[in-house]
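**Q** Provided herewith: model25.pdb, PDB, C-alpha atoms.
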```pdb
ATOM      1  CA  MET E  45      81.149 -35.324 -54.071  1.00  0.00           C
ATOM      2  CA  LYS E  46      83.940 -34.047 -51.833  1.00  0.00           C
ATOM      3  CA  LYS E  47      84.982 -31.602 -54.526  1.00  0.00           C
ATOM      4  CA  PHE E  48      81.416 -30.222 -54.730  1.00  0.00           C
ATOM      5  CA  LEU E  49      81.190 -29.767 -50.937  1.00  0.00           C
ATOM      6  CA  PHE E  50      84.578 -28.053 -50.842  1.00  0.00           C
ATOM      7  CA  ILE E  51      83.628 -25.658 -53.667  1.00  0.00           C
ATOM      8  CA  SER E  52      80.263 -24.938 -52.000  1.00  0.00           C
ATOM      9  CA  LEU E  53      81.981 -24.181 -48.703  1.00  0.00           C
ATOM     10  CA  LEU E  54      84.441 -21.846 -50.390  1.00  0.00           C
ATOM     11  CA  ALA E  55      81.591 -20.077 -52.184  1.00  0.00           C
ATOM     12  CA  ILE E  56      79.690 -19.558 -48.922  1.00  0.00           C
ATOM     13  CA  ILE E  57      82.793 -18.258 -47.147  1.00  0.00           C
ATOM     14  CA  GLY E  58      83.622 -15.981 -50.077  1.00  0.00           C
ATOM     15  CA  ALA E  59      80.092 -14.573 -50.294  1.00  0.00           C
ATOM     16  CA  SER E  60      80.014 -13.979 -46.537  1.00  0.00           C
ATOM     17  CA  TYR E  61      83.378 -12.209 -46.616  1.00  0.00           C
ATOM     18  CA  TYR E  62      82.268 -10.054 -49.551  1.00  0.00           C
ATOM     19  CA  ALA E  63      78.995  -9.107 -47.829  1.00  0.00           C
ATOM     20  CA  TYR E  64      80.887  -8.257 -44.633  1.00  0.00           C
ATOM     21  CA  GLN E  65      83.430  -6.092 -46.451  1.00  0.00           C
ATOM     22  CA  GLN E  66      80.697  -4.234 -48.339  1.00  0.00           C
ATOM     23  CA  GLY E  67      78.967  -3.351 -45.078  1.00  0.00           C
ATOM     24  CA  MET E  68      75.883  -5.403 -45.868  1.00  0.00           C
ATOM     25  CA  LEU E  69      76.195  -7.365 -42.648  1.00  0.00           C
ATOM     26  CA  ASN E  70      77.540  -4.597 -40.410  1.00  0.00           C
ATOM     27  CA  GLU E  71      74.112  -3.120 -39.779  1.00  0.00           C
ATOM     28  CA  TYR E  72      72.652  -6.553 -39.110  1.00  0.00           C
ATOM     29  CA  LEU E  73      75.466  -7.830 -36.884  1.00  0.00           C
ATOM     30  CA  SER E  74      76.031  -4.708 -34.806  1.00  0.00           C
ATOM     31  CA  PRO E  75      72.848  -2.605 -34.698  1.00  0.00           C
ATOM     32  CA  ASP E  76      72.710   0.510 -32.582  1.00  0.00           C
ATOM     33  CA  VAL E  77      72.094  -0.543 -28.991  1.00  0.00           C
ATOM     34  CA  LYS E  78      69.714   2.341 -28.398  1.00  0.00           C
ATOM     35  CA  SER E  79      67.410   1.170 -31.176  1.00  0.00           C
ATOM     36  CA  ARG E  80      67.328  -2.284 -29.594  1.00  0.00           C
ATOM     37  CA  LEU E  81      66.419  -0.853 -26.192  1.00  0.00           C
ATOM     38  CA  ASP E  82      63.783   1.646 -27.361  1.00  0.00           C
ATOM     39  CA  HIS E  83      60.977  -0.825 -26.698  1.00  0.00           C
ATOM     40  CA  ILE E  84      61.931  -1.254 -23.019  1.00  0.00           C
ATOM     41  CA  ASP E  85      59.817   0.721 -20.563  1.00  0.00           C
ATOM     42  CA  PRO E  86      62.128   2.894 -18.413  1.00  0.00           C
ATOM     43  CA  ASN E  87      59.744   2.493 -15.474  1.00  0.00           C
ATOM     44  CA  MET E  88      60.125  -1.281 -15.344  1.00  0.00           C
ATOM     45  CA  SER E  89      60.588  -1.745 -11.628  1.00  0.00           C
ATOM     46  CA  THR E  90      59.056  -4.003  -9.038  1.00  0.00           C
ATOM     47  CA  THR E  91      58.423  -3.088  -5.427  1.00  0.00           C
ATOM     48  CA  LEU E  92      59.132  -5.891  -2.983  1.00  0.00           C
ATOM     49  CA  TYR E  93      58.608  -6.058   0.769  1.00  0.00           C
ATOM     50  CA  LYS E  94      61.053  -7.799   3.122  1.00  0.00           C
ATOM     51  CA  TRP E  95      60.364  -8.682   6.752  1.00  0.00           C
ATOM     52  CA  LEU E  96      61.170 -11.215   9.467  1.00  0.00           C
ATOM     53  CA  ASP E  97      58.400 -13.671  10.271  1.00  0.00           C
ATOM     54  CA  LYS E  98      57.592 -15.114  13.737  1.00  0.00           C
ATOM     55  CA  LYS E  99      60.115 -17.935  13.174  1.00  0.00           C
ATOM     56  CA  GLY E 100      62.916 -15.460  12.458  1.00  0.00           C
ATOM     57  CA  GLN E 101      63.063 -16.267   8.743  1.00  0.00           C
ATOM     58  CA  TRP E 102      63.210 -13.558   6.081  1.00  0.00           C
ATOM     59  CA  GLN E 103      60.164 -13.250   3.888  1.00  0.00           C
ATOM     60  CA  VAL E 104      60.134 -11.374   0.574  1.00  0.00           C
ATOM     61  CA  SER E 105      56.894 -10.709  -1.274  1.00  0.00           C
ATOM     62  CA  ASP E 106      55.331  -8.342  -3.766  1.00  0.00           C
ATOM     63  CA  THR E 107      52.530  -7.663  -1.274  1.00  0.00           C
ATOM     64  CA  PRO E 108      53.145  -5.940   2.075  1.00  0.00           C
ATOM     65  CA  PRO E 109      52.987  -8.007   5.275  1.00  0.00           C
ATOM     66  CA  PRO E 110      50.004  -7.839   7.641  1.00  0.00           C
ATOM     67  CA  ASP E 111      49.570  -4.708   9.747  1.00  0.00           C
ATOM     68  CA  GLY E 112      51.884  -4.319  12.720  1.00  0.00           C
ATOM     69  CA  ILE E 113      54.892  -6.035  11.116  1.00  0.00           C
ATOM     70  CA  LYS E 114      57.917  -3.862  10.379  1.00  0.00           C
ATOM     71  CA  PHE E 115      59.142  -4.272   6.818  1.00  0.00           C
ATOM     72  CA  GLU E 116      61.676  -2.891   4.378  1.00  0.00           C
ATOM     73  CA  THR E 117      60.724  -1.752   0.873  1.00  0.00           C
ATOM     74  CA  LEU E 118      62.972  -2.910  -1.978  1.00  0.00           C
ATOM     75  CA  ASN E 119      62.850  -1.725  -5.588  1.00  0.00           C
ATOM     76  CA  TYR E 120      64.220  -3.919  -8.382  1.00  0.00           C
ATOM     77  CA  ASN E 121      64.346  -3.421 -12.131  1.00  0.00           C
ATOM     78  CA  LYS E 122      62.547  -6.257 -13.870  1.00  0.00           C
ATOM     79  CA  ASP E 123      65.420  -6.684 -16.320  1.00  0.00           C
ATOM     80  CA  THR E 124      67.979  -7.293 -13.539  1.00  0.00           C
ATOM     81  CA  ASN E 125      69.164 -10.798 -12.716  1.00  0.00           C
ATOM     82  CA  VAL E 126      69.016 -11.585  -9.020  1.00  0.00           C
ATOM     83  CA  ILE E 127      71.095 -14.406  -7.591  1.00  0.00           C
ATOM     84  CA  PRO E 128      70.223 -15.528  -4.043  1.00  0.00           C
ATOM     85  CA  SER E 129      73.046 -14.902  -1.609  1.00  0.00           C
ATOM     86  CA  GLU E 130      74.297 -17.149   1.150  1.00  0.00           C
ATOM     87  CA  GLN E 131      72.780 -14.736   3.662  1.00  0.00           C
ATOM     88  CA  PHE E 132      69.271 -15.666   2.519  1.00  0.00           C
ATOM     89  CA  THR E 133      69.706 -19.278   1.376  1.00  0.00           C
ATOM     90  CA  GLY E 134      72.087 -20.508   4.075  1.00  0.00           C
ATOM     91  CA  LYS E 135      74.086 -22.331   1.408  1.00  0.00           C
ATOM     92  CA  SER E 136      77.663 -21.450   0.516  1.00  0.00           C
ATOM     93  CA  ASP E 137      79.150 -21.504  -3.006  1.00  0.00           C
ATOM     94  CA  ASP E 138      81.517 -24.339  -2.065  1.00  0.00           C
TER      95      ASP E 138
END
```
Take the structure I supplied and represent it as structure tokens, if you would.

**A**
Amino acid sequence: MKKFLFISLLAIIGASYYAYQQGMLNEYLSPDVKSRLDHIDPNMSTTLYKWLDKKGQWQVSDTPPPDGIKFETLNYNKDTNVIPSEQFTGKSDD
């Protein structure tokens, strides 16, 4: 049984190495990045509104605040990761 498993493993490794050397896997493993990103809409952005509320806390929303409140407009790409900073959360990384 061990001999069969060892021979099977060697066959799989050998076939994989052969396919890699022949370029059969190169197209699959490292496709052109542009072709992967063609489906992404270049206008993928979100408009957010940031303002201070009556309690002095920052508010961020995708809808503007009520009339009479000063706000800042922020634009983010939807494919961007956003990590809250200490400035907004009040928590340090420690």

**Q** By how many Å are atom CA of E:Pro110 and atom CA of E:Leu96 apart?

**A**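 Going from atom CA of E:Pro110 over to atom CA of E:Leu96, I get 11.8 Å.
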
**Q** Interatomic distance between atom CA of E:Thr107 and atom CA of E:Tyr93?

**A** 6.6 Å

**Q** In Å, with one decimal, what is the gap from atom CA of E:Lys94 to atom CA of E:Phe115?

**A** 5.5 Å
